[in-house]
Each structure stands twice: as structure tokens, then as C-alpha cells.
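Okay, structure first, notes after.
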Amino acid sequence: MNNDEKELNRKLSEKEEIRLQQFNKMLEEYRDKGYKDSLHTISIKKANIVGLIITVPVFVVFYALYFLINGLEGFDNFSLPQLFVAFISIFVLIVVHELLHGLSWGLFCQNKYRSIEFGLIKEYMTPYCCCKEPLKKVPYLLGCGMPLFVLGIMMAVIAIACQSGLWLFVAANNTISAIGDIMVMIEVIKHQGNDDLFIDHPCQAGFVSISKM
């Protein structure tokens, strides 16, 4: 059994089982209405490998911009307490990452935040956010990309502007942590149907696209 199959066949929690049943029922209802659906998922292990591959390039780009704009000014200007806070924030921001998905998607859901659920894939110690409502392409993309934009790009811009090499490190780490989101976004962007609907898969990393036949 390969890693993709292990992820697919992992033991689901009770909430995931219920969500999967609701998900399958929803797809059947769309099929009865003349829609077709297509599965687009990514392997968590592959995402982690890609994350490792892009680590050095991301840090090189971020710090090249820092040195180009600020030189060495403020690069190592931090105290031990600041270092401790930055270290703790890396773990706290994992939760914030998922909250940003939920906050963004919830704005576009008919049932608002009742359609948002959070969970943890224990085998990979990976927290996740799941949107249970189908969304249009742009809203779905916005929800996917919000953690990257806020915790990666925006934090990097602020860190460079404030001459903080320490918080630029955190921003780079957040960017790398968003690799799974980036891979999902690429799949969404590649999808040709701009009027199609996109719904999170209830227990895998990825989505199902729903289109009119």
C-alpha cells in the first residue's frame, strides 16, 4: 500500500464519518440534478516533501529582499525573550492558519460559520479546516490563499519594513507551511470551469469540483 492509499484508508473520527456521509449525500443530490463531479486531492506526504524542497529557495528570496532593502540593519537586533516569543508563535500560528481558512470561507457560505469545521489528522499531526458548502471559484481560492497572504506575504512585508530579521524568519516558515494550500490552489486555477462549484473533501487534502453536464 502506497502513502496515498494509506491517507485515503486512514481511520476516520466520528465527526469525519458524519461529514463524509453528508458529503456523499450532497454529491448524489447534485448528480440527480444533472451535475458531474471530479476529485482533486493531494498527498500530505508529498506536500511535506515539496515543503522541504522549497525551504532554502524561500529563505533565500525573503532574506535577499531584506538585505537589498535594509542591508544588515536590524537583522540580528533581537533579545532572548523576543526569540522565545517568535518560537512559540510558530506553533500558535498553525492554529491561526486554519482559523483564517475558516473565517474567509465562512463569509461566502449561505450558512456562514455553521458550514465550517476543524479537525486533526492524527497520523500526520496535521490540523485542518473544512468548508462543508460548495463555493464558487474565486471565494474558494480566497479561502485557500488567505493564510499564505496574511501570515506569509503580509508578515514578510511588515518584517522587512520594520527591519526585523527574526519575524521575517517566522514569515518564511509560514510561507513554507502553506505549501499544501498552494498545491490545492494550483489545482483550482488549472480547472477550466469558472462557473463550477468547489467543495472541500471532508477527510482528504483537496476538493471536489461540481459542474453542469
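Quick note on naming: the chains in the C-alpha cells go A, B, ... in the order shown, residues restart at 1 in each chain, and ligands are numbered from 1 in order of appearance.
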Do you know which residues are at most 8 Å from Leu166 in chain A counting only C-alpha atoms, after dropping those on the same chain fewer than 2 positions away, and could you put them as a PyMOL selection string?
chain A and resi 75-76+78+83+86+164+168-170
Mind dumping a table of every range 99-188 of chain A residue within 10 Å of range 41-48 of chain A, with the nearest atom pair and its distance in Å to one decimal, using only C-alpha atoms, sorted by chain and rising number, as JSON lines?
{"residue": "A:Tyr124", "atom": "CA", "partner": "A:Ile44", "partner_atom": "CA", "distance": 8.0}
{"residue": "A:Thr126", "atom": "CA", "partner": "A:Ile44", "partner_atom": "CA", "distance": 8.8}
{"residue": "A:Ile176", "atom": "CA", "partner": "A:Asn48", "partner_atom": "CA", "distance": 9.3}
{"residue": "A:Ser177", "atom": "CA", "partner": "A:Asn48", "partner_atom": "CA", "distance": 8.6}
{"residue": "A:Ala178", "atom": "CA", "partner": "A:Ala47", "partner_atom": "CA", "distance": 9.4}
{"residue": "A:Ile179", "atom": "CA", "partner": "A:Ala47", "partner_atom": "CA", "distance": 6.3}
{"residue": "A:Gly180", "atom": "CA", "partner": "A:Ala47", "partner_atom": "CA", "distance": 5.4}
{"residue": "A:Asp181", "atom": "CA", "partner": "A:Ala47", "partner_atom": "CA", "distance": 9.2}
{"residue": "A:Ile182", "atom": "CA", "partner": "A:Ala47", "partner_atom": "CA", "distance": 9.4}
{"residue": "A:Met183", "atom": "CA", "partner": "A:Ile42", "partner_atom": "CA", "distance": 7.4}
{"residue": "A:Val184", "atom": "CA", "partner": "A:Ile42", "partner_atom": "CA", "distance": 7.2}
{"residue": "A:Glu187", "atom": "CA", "partner": "A:Thr41", "partner_atom": "CA", "distance": 8.7}
Using only C-alpha atoms, which residues sit within 10 Å of Thr55 in chain A once same-chain residues fewer than 4 positions away are excluded, as JSON, numbers by chain?
{"A": [50, 51, 59, 60, 172, 173, 175, 176, 177]}
What's the 10 Å shell around Phe67 in chain A, counting only C-alpha atoms, without same-chain residues fewer than 6 positions away, as a list in words?
Glu73, Phe75, Ile160, Gln163 and Gly165 of chain A
Need to verify the contact set: range 194-197 of chain A, 9 Å, only C-alpha atoms, exclusion of same-chain residues closer than 3 positions in sequence. Can you return it as a PyMOL selection string?
chain A and resi 134-138+140+191+208-212
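Straight-line separation from CA of Pro81 in chain A to CA of Met125 in chain A: 27.5 Å.
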Quick one: DSSP alpha helix (DSSP H) residues in range 20-193 of chain A, as a PyMOL selection string?
chain A and resi 20-32+44-70+80-108+137-147+155-161+165-177+179-190
List the neighbours of Leu107 in chain A out to 10 Å using only C-alpha atoms; skip same-chain residues closer than 5 positions along the sequence, and give me the result as number ranges by chain.
A: 102, 112-113, 139, 143
Can you measure CA of Glu117 in chain A to CA of Cys144 in chain A for me? One decimal in Å is fine.
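Separating CA of Glu117 in chain A from CA of Cys144 in chain A is a distance of 14.6 Å.
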Quick one: pull the distance between CA of Leu99 in chain A and CA of Gln21 in chain A, Å, one decimal.
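Rounded to one decimal, the two atoms are 24.1 Å apart.
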Enumerate the residues of range 20-150 of chain A with a DSSP assignment of strand (DSSP E), computed from the backbone, and present them as a PDB file with N, CA, C and O atoms, in the first residue's frame.
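Final file, part-v5.pdb:
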ATOM      1  N   TYR A  35     -25.552  17.232 -12.572  1.00  0.00           N
ATOM      2  CA  TYR A  35     -24.185  17.698 -12.415  1.00  0.00           C
ATOM      3  C   TYR A  35     -23.210  16.518 -12.415  1.00  0.00           C
ATOM      4  O   TYR A  35     -23.587  15.384 -12.102  1.00  0.00           O
ATOM      5  N   LYS A  36     -21.966  16.808 -12.751  1.00  0.00           N
ATOM      6  CA  LYS A  36     -20.898  15.811 -12.629  1.00  0.00           C
ATOM      7  C   LYS A  36     -19.860  16.354 -11.657  1.00  0.00           C
ATOM      8  O   LYS A  36     -19.744  17.563 -11.459  1.00  0.00           O
ATOM      9  N   ASP A  37     -19.120  15.447 -11.040  1.00  0.00           N
ATOM     10  CA  ASP A  37     -18.111  15.880 -10.076  1.00  0.00           C
ATOM     11  C   ASP A  37     -16.769  15.239 -10.375  1.00  0.00           C
ATOM     12  O   ASP A  37     -16.688  14.168 -10.986  1.00  0.00           O
ATOM     13  N   SER A  38     -15.720  15.926  -9.954  1.00  0.00           N
ATOM     14  CA  SER A  38     -14.354  15.456 -10.200  1.00  0.00           C
ATOM     15  C   SER A  38     -13.512  15.647  -8.943  1.00  0.00           C
ATOM     16  O   SER A  38     -13.529  16.727  -8.339  1.00  0.00           O
ATOM     17  N   LEU A  39     -12.800  14.599  -8.560  1.00  0.00           N
ATOM     18  CA  LEU A  39     -11.996  14.617  -7.332  1.00  0.00           C
ATOM     19  C   LEU A  39     -10.603  15.178  -7.597  1.00  0.00           C
ATOM     20  O   LEU A  39      -9.936  14.778  -8.546  1.00  0.00           O
ATOM     21  N   HIS A  40     -10.165  16.105  -6.744  1.00  0.00           N
ATOM     22  CA  HIS A  40      -8.828  16.690  -6.845  1.00  0.00           C
ATOM     23  C   HIS A  40      -8.216  16.710  -5.437  1.00  0.00           C
ATOM     24  O   HIS A  40      -8.519  17.594  -4.639  1.00  0.00           O
ATOM     25  N   THR A  41      -7.356  15.746  -5.130  1.00  0.00           N
ATOM     26  CA  THR A  41      -6.735  15.714  -3.805  1.00  0.00           C
ATOM     27  C   THR A  41      -5.213  15.667  -3.946  1.00  0.00           C
ATOM     28  O   THR A  41      -4.677  15.321  -4.998  1.00  0.00           O
ATOM     29  N   ILE A 116     -18.450  25.565   8.635  1.00  0.00           N
ATOM     30  CA  ILE A 116     -17.009  25.423   8.830  1.00  0.00           C
ATOM     31  C   ILE A 116     -16.732  24.476   9.998  1.00  0.00           C
ATOM     32  O   ILE A 116     -17.315  24.623  11.072  1.00  0.00           O
ATOM     33  N   GLU A 117     -15.854  23.506   9.771  1.00  0.00           N
ATOM     34  CA  GLU A 117     -15.446  22.589  10.835  1.00  0.00           C
ATOM     35  C   GLU A 117     -13.928  22.455  10.838  1.00  0.00           C
ATOM     36  O   GLU A 117     -13.273  22.602   9.803  1.00  0.00           O
ATOM     37  N   PHE A 118     -13.390  22.157  12.018  1.00  0.00           N
ATOM     38  CA  PHE A 118     -11.950  21.975  12.179  1.00  0.00           C
ATOM     39  C   PHE A 118     -11.672  20.569  12.700  1.00  0.00           C
ATOM     40  O   PHE A 118     -12.522  19.950  13.349  1.00  0.00           O
ATOM     41  N   GLY A 119     -10.477  20.076  12.391  1.00  0.00           N
ATOM     42  CA  GLY A 119     -10.115  18.744  12.856  1.00  0.00           C
ATOM     43  C   GLY A 119      -8.608  18.540  12.850  1.00  0.00           C
ATOM     44  O   GLY A 119      -7.846  19.475  12.577  1.00  0.00           O
ATOM     45  N   LEU A 120      -8.204  17.323  13.140  1.00  0.00           N
ATOM     46  CA  LEU A 120      -6.779  16.978  13.195  1.00  0.00           C
ATOM     47  C   LEU A 120      -6.566  15.599  12.600  1.00  0.00           C
ATOM     48  O   LEU A 120      -7.223  14.629  13.005  1.00  0.00           O
ATOM     49  N   ILE A 121      -5.670  15.499  11.607  1.00  0.00           N
ATOM     50  CA  ILE A 121      -5.263  14.196  11.082  1.00  0.00           C
ATOM     51  C   ILE A 121      -4.129  13.701  11.971  1.00  0.00           C
ATOM     52  O   ILE A 121      -2.989  14.150  11.865  1.00  0.00           O
ATOM     53  N   THR A 126      -1.583  16.863  11.629  1.00  0.00           N
ATOM     54  CA  THR A 126      -1.904  17.970  10.738  1.00  0.00           C
ATOM     55  C   THR A 126      -3.311  18.500  11.028  1.00  0.00           C
ATOM     56  O   THR A 126      -4.302  17.804  10.776  1.00  0.00           O
ATOM     57  N   PRO A 127      -3.426  19.712  11.577  1.00  0.00           N
ATOM     58  CA  PRO A 127      -4.751  20.307  11.763  1.00  0.00           C
ATOM     59  C   PRO A 127      -5.317  20.737  10.417  1.00  0.00           C
ATOM     60  O   PRO A 127      -4.574  20.984   9.467  1.00  0.00           O
ATOM     61  N   TYR A 128      -6.638  20.800  10.335  1.00  0.00           N
ATOM     62  CA  TYR A 128      -7.236  21.222   9.075  1.00  0.00           C
ATOM     63  C   TYR A 128      -8.553  21.947   9.320  1.00  0.00           C
ATOM     64  O   TYR A 128      -9.157  21.851  10.390  1.00  0.00           O
ATOM     65  N   CYS A 129      -8.966  22.684   8.315  1.00  0.00           N
ATOM     66  CA  CYS A 129     -10.261  23.359   8.298  1.00  0.00           C
ATOM     67  C   CYS A 129     -11.031  22.820   7.108  1.00  0.00           C
ATOM     68  O   CYS A 129     -10.463  22.644   6.024  1.00  0.00           O
ATOM     69  N   CYS A 130     -12.306  22.541   7.298  1.00  0.00           N
ATOM     70  CA  CYS A 130     -13.125  22.007   6.211  1.00  0.00           C
ATOM     71  C   CYS A 130     -14.360  22.873   6.010  1.00  0.00           C
ATOM     72  O   CYS A 130     -15.073  23.180   6.963  1.00  0.00           O
ATOM     73  N   CYS A 131     -14.583  23.287   4.765  1.00  0.00           N
ATOM     74  CA  CYS A 131     -15.789  24.023   4.400  1.00  0.00           C
ATOM     75  C   CYS A 131     -16.783  23.036   3.804  1.00  0.00           C
ATOM     76  O   CYS A 131     -16.497  22.395   2.788  1.00  0.00           O
TER      77      CYS A 131
END
So that I can check the surroundings of Met146 in chain A, please list as a list of chain:residue names every protein, DNA and RNA residue that reaches within 8 Å of it, counting only C-alpha atoms and ignoring chain neighbours fewer than 3 positions away.
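Here the qualifying residues turn out to be A:Leu100, A:His101, A:Ser104, A:Leu142, A:Gly143, A:Phe149, A:Val150.
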Take the residues from that selection and write them out as an mmCIF file, in the first residue's frame, keeping N, CA, C and O atoms.
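And here is the file that came out, out.cif:
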data_model
loop_
_atom_site.group_PDB
_atom_site.id
_atom_site.type_symbol
_atom_site.label_atom_id
_atom_site.label_comp_id
_atom_site.auth_asym_id
_atom_site.auth_seq_id
_atom_site.Cartn_x
_atom_site.Cartn_y
_atom_site.Cartn_z
ATOM 1 N N LEU A 100 -7.899 31.251 9.710
ATOM 2 C CA LEU A 100 -8.009 32.163 8.568
ATOM 3 C C LEU A 100 -8.742 31.502 7.400
ATOM 4 O O LEU A 100 -9.522 32.163 6.701
ATOM 5 N N HIS A 101 -8.491 30.196 7.190
ATOM 6 C CA HIS A 101 -9.278 29.469 6.183
ATOM 7 C C HIS A 101 -10.763 29.575 6.519
ATOM 8 O O HIS A 101 -11.593 29.938 5.684
ATOM 9 N N SER A 104 -12.393 33.086 6.267
ATOM 10 C CA SER A 104 -12.540 33.519 4.868
ATOM 11 C C SER A 104 -13.675 32.779 4.180
ATOM 12 O O SER A 104 -14.550 33.395 3.561
ATOM 13 N N LEU A 142 -9.872 32.348 -2.459
ATOM 14 C CA LEU A 142 -9.571 33.323 -1.402
ATOM 15 C C LEU A 142 -9.387 32.623 -0.063
ATOM 16 O O LEU A 142 -8.469 32.944 0.692
ATOM 17 N N GLY A 143 -10.275 31.682 0.234
ATOM 18 C CA GLY A 143 -10.161 30.941 1.487
ATOM 19 C C GLY A 143 -8.910 30.092 1.541
ATOM 20 O O GLY A 143 -8.264 29.981 2.591
ATOM 21 N N PHE A 149 -1.346 34.657 2.309
ATOM 22 C CA PHE A 149 -1.298 36.109 2.126
ATOM 23 C C PHE A 149 -1.029 36.839 3.444
ATOM 24 O O PHE A 149 -0.160 37.713 3.522
ATOM 25 N N VAL A 150 -1.771 36.467 4.501
ATOM 26 C CA VAL A 150 -1.678 37.185 5.775
ATOM 27 C C VAL A 150 -0.421 36.804 6.557
ATOM 28 O O VAL A 150 0.335 37.679 6.995
#
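Proximity ranking of A:Lys190, A:Lys132, A:Lys122, A:His201 relative to Lys11 in chain A places A:Lys122 first, based on only C-alpha atoms.
Shortest separation to Leu148 in chain A among A:Lys15, A:His97, A:Arg114, A:Arg31 occurs at residue A:His97, atoms counted being only C-alpha atoms.
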Using only C-alpha atoms, which of A:Gly152, A:Gly145, A:Pro202, A:Gly74 sits nearest Ile186 in chain A?
A:Gly145
